Structure formats: structure tokens, C-alpha cells
Amino acid sequence: RIWGFLGSPRSRFADFLRPWPVVKAYIDRLRRFDPPHSVGHNPLGGWMIAILLSTLATMIATGLFAASRRATGPFAHLLSPNIAHLAGSLHSLVSSLLIGFIVVHVAGVAADWFLTGDNLVKAMLTGRKRLPLAAARQEEPVTPAWRAVLTGLLALALAAGLTLATNFSGT
């Protein structure tokens with residue numbers, strides 16, 4: 001989520017969370033198989049990212065407090081056993097939802113690529129997208145690579161620390 005505030009202009013939440021009328025207009029064009037080209041996230045894709053991040057945050061939060069037969073989160077001891085088991089059940093449910101949302105997202109990326117010809121996978125990996133010259137001139141510079149590397153390393157360190165604090169022998 002940090003990258004949504006510190007990242008390149010097109011990766012910031014303020015850039016891709018559009019109001020409902022804009023999303024509805026995009027959906028109307030999508031229904032006609034004529035979605036407009038988007039420089040950054042398309043209006044529907046931007047909200048899908050918000051849904052994915054919210055679901056992932058819920059999965060992480062429930063996992064921290066979860067207790068199940070498979071594993072016990074590092075903060076499960078702070079809750080009563082019944083509530084910790086409930087958190088574990090919720091964690092499992094949310095992980096299944098996340099998988100479903102990922103499938104929908106991948107299908108959306110494929111549909112956008114097919115309908116617009118924009119290679120979104122390449123753009124996601126490189127941070128660059130082919131644009132008309134006029135649109136390219138209006139773009140702000142991308143965030144320096146060191147900021148992305150530092151953000152990634154901090155996220156990796158946090159994930160490693162939480163993984164090491166998890167009891168994988170279960171309850």
C-alpha cells in the first residue's frame with residue numbers, strides 16, 4: 001500500500017480511484033466492446049486494485065490473530081481461543097475470496113489487452129506503456145528505481161519477520 005502513496009504518478013491511489021460516474025461510463029463502453037485507451041489504470045481496473053489490496057489487508061490482519069490446525073498467527077495469544085479460531089476461519093474464507101478476485105483481475109487484464117491492444121503485462125513489469133506523443137509529453141517522470149527497491153525490501157523484511165513469528169505447528 002505504501003507504493004500507492006510514494007510510487008510513480010500512475011501507481012498512486014489518487015490517480016486511479018475514479019468516481020462512480022467515470023466508472024459507469026467506462027463500463028458502458030466496455031459493454032459495447034469499445035473501452036477507451038487509458039494512460040494509467042482504467043477506471044474499473046483502478047477499483048479492482050483497491051479491492052485486491054483491501055482483501056489482502058484483511059487476509060493479513062486475520063492471519064496475524066488466527067489460530068487453526070495448520071498455524072497460529074503471532075498475535076493469536078492476545079485473543080480468546082474461540083475468537084482466534086474465528087479469525088482463522090475468516091482468514092481461510094478471505095484467502096479464497098482473494099484467489100477469486102485475482103482470477104477476475106487477470107481476466108480483466110486479458111480482456112483489456114484483447115479489446116484495446118495495450119500490452120498491460122509489459123506495462124506492469126516495465127512501468128512503461130506506448131502512448132501517443134501528445135499524451136507522453138504530459139506524463140510526469142517515474143519514481144526513481146531506488147525508491148521501488150527500498151519499498152520492496154522493507155515489505156520483504158516485514159513479511160519475513162511475520163512469517164518467522166508464526167507458529168506453523170498449529171494449535
# chains A, B, ... in the order shown; residues from 1 in each chain; ligands from 1

$ residues_around --residues "range 99-103 of chain A" --least-positions-apart "6" --cutoff "10 Å" --atoms "only C-alpha atoms" --output "VMD selection string"
chain A and resid 48 to 49 51 to 52 55 109

$ select_by_dssp --residues "range 80-160 of chain A" --states "helix (DSSP H, G or I)" --output "PyMOL selection string"
chain A and resi 81-116+120-126+133-138+145-160

$ atom_distance --atom1 "CA of Thr126 in chain A" --atom2 "CA of Val104 in chain A"
22.3 Å

$ closest_residue --among "A:Ser38, A:Gln138, A:Ser68, A:Thr163" --to "Ser92 in chain A" --atoms "only C-alpha atoms"
A:Ser68

$ residues_around --residues "Leu78 in chain A" --least-positions-apart "5" --cutoff "10 Å" --atoms "only C-alpha atoms" --output "number ranges by chain"
A: 65, 83-84

$ write_last_selection --atoms "N, CA and C atoms" --output "tab-separated table (two decimals), in the first residue's frame"
chain	number	residue	atom	x	y	z
A	65	PHE	N	-3.90	-12.80	13.81
A	65	PHE	CA	-4.62	-13.17	15.03
A	65	PHE	C	-5.24	-14.57	14.95
A	83	ILE	N	-12.18	-16.80	19.67
A	83	ILE	CA	-12.06	-15.67	18.74
A	83	ILE	C	-10.87	-15.90	17.79
A	84	ALA	N	-9.77	-16.46	18.29
A	84	ALA	CA	-8.62	-16.75	17.44
A	84	ALA	C	-8.98	-17.80	16.38

$ residues_around --residues "Gly63 in chain A" --least-positions-apart "6" --cutoff "10 Å" --atoms "only C-alpha atoms" --output "list in words"
Ala57, Ala71, Thr72, Gly73, Pro74, Phe75, Ala76, Ala84, Ala87, Gly88, Ser89, Leu90, His91, Ser92, Val94, Ser95, Leu162 and Thr166 of chain A

$ write_last_selection --atoms "C-alpha atoms" --output "PDB file, in the first residue's frame"
ATOM      1  CA  ALA A  57      -5.021  -6.361   4.087  1.00  0.00           C
ATOM      2  CA  ALA A  71      -0.786 -22.408  12.010  1.00  0.00           C
ATOM      3  CA  THR A  72      -1.135 -19.808  14.730  1.00  0.00           C
ATOM      4  CA  GLY A  73      -0.535 -16.141  13.977  1.00  0.00           C
ATOM      5  CA  PRO A  74       1.969 -14.190  16.062  1.00  0.00           C
ATOM      6  CA  PHE A  75      -0.778 -12.255  17.900  1.00  0.00           C
ATOM      7  CA  ALA A  76      -3.314 -15.074  18.359  1.00  0.00           C
ATOM      8  CA  ALA A  84      -8.615 -16.753  17.441  1.00  0.00           C
ATOM      9  CA  ALA A  87     -10.121 -15.284  12.921  1.00  0.00           C
ATOM     10  CA  GLY A  88      -8.595 -18.432  11.394  1.00  0.00           C
ATOM     11  CA  SER A  89     -11.868 -19.349   9.699  1.00  0.00           C
ATOM     12  CA  LEU A  90     -12.267 -15.802   8.411  1.00  0.00           C
ATOM     13  CA  HIS A  91      -8.652 -15.860   7.209  1.00  0.00           C
ATOM     14  CA  SER A  92      -9.371 -19.003   5.197  1.00  0.00           C
ATOM     15  CA  VAL A  94     -10.783 -14.269   2.753  1.00  0.00           C
ATOM     16  CA  SER A  95      -7.896 -16.169   1.147  1.00  0.00           C
ATOM     17  CA  LEU A 162       5.865 -12.011  10.467  1.00  0.00           C
ATOM     18  CA  THR A 166       4.136 -17.521  13.017  1.00  0.00           C
TER      19      THR A 166
END

$ atom_distance --atom1 "CA of Asp34 in chain A" --atom2 "CA of Val142 in chain A"
28.8 Å

$ closest_residue --among "A:Leu153, A:Ala25, A:Leu115, A:Leu93" --to "Thr62 in chain A" --atoms "only C-alpha atoms"
A:Leu93
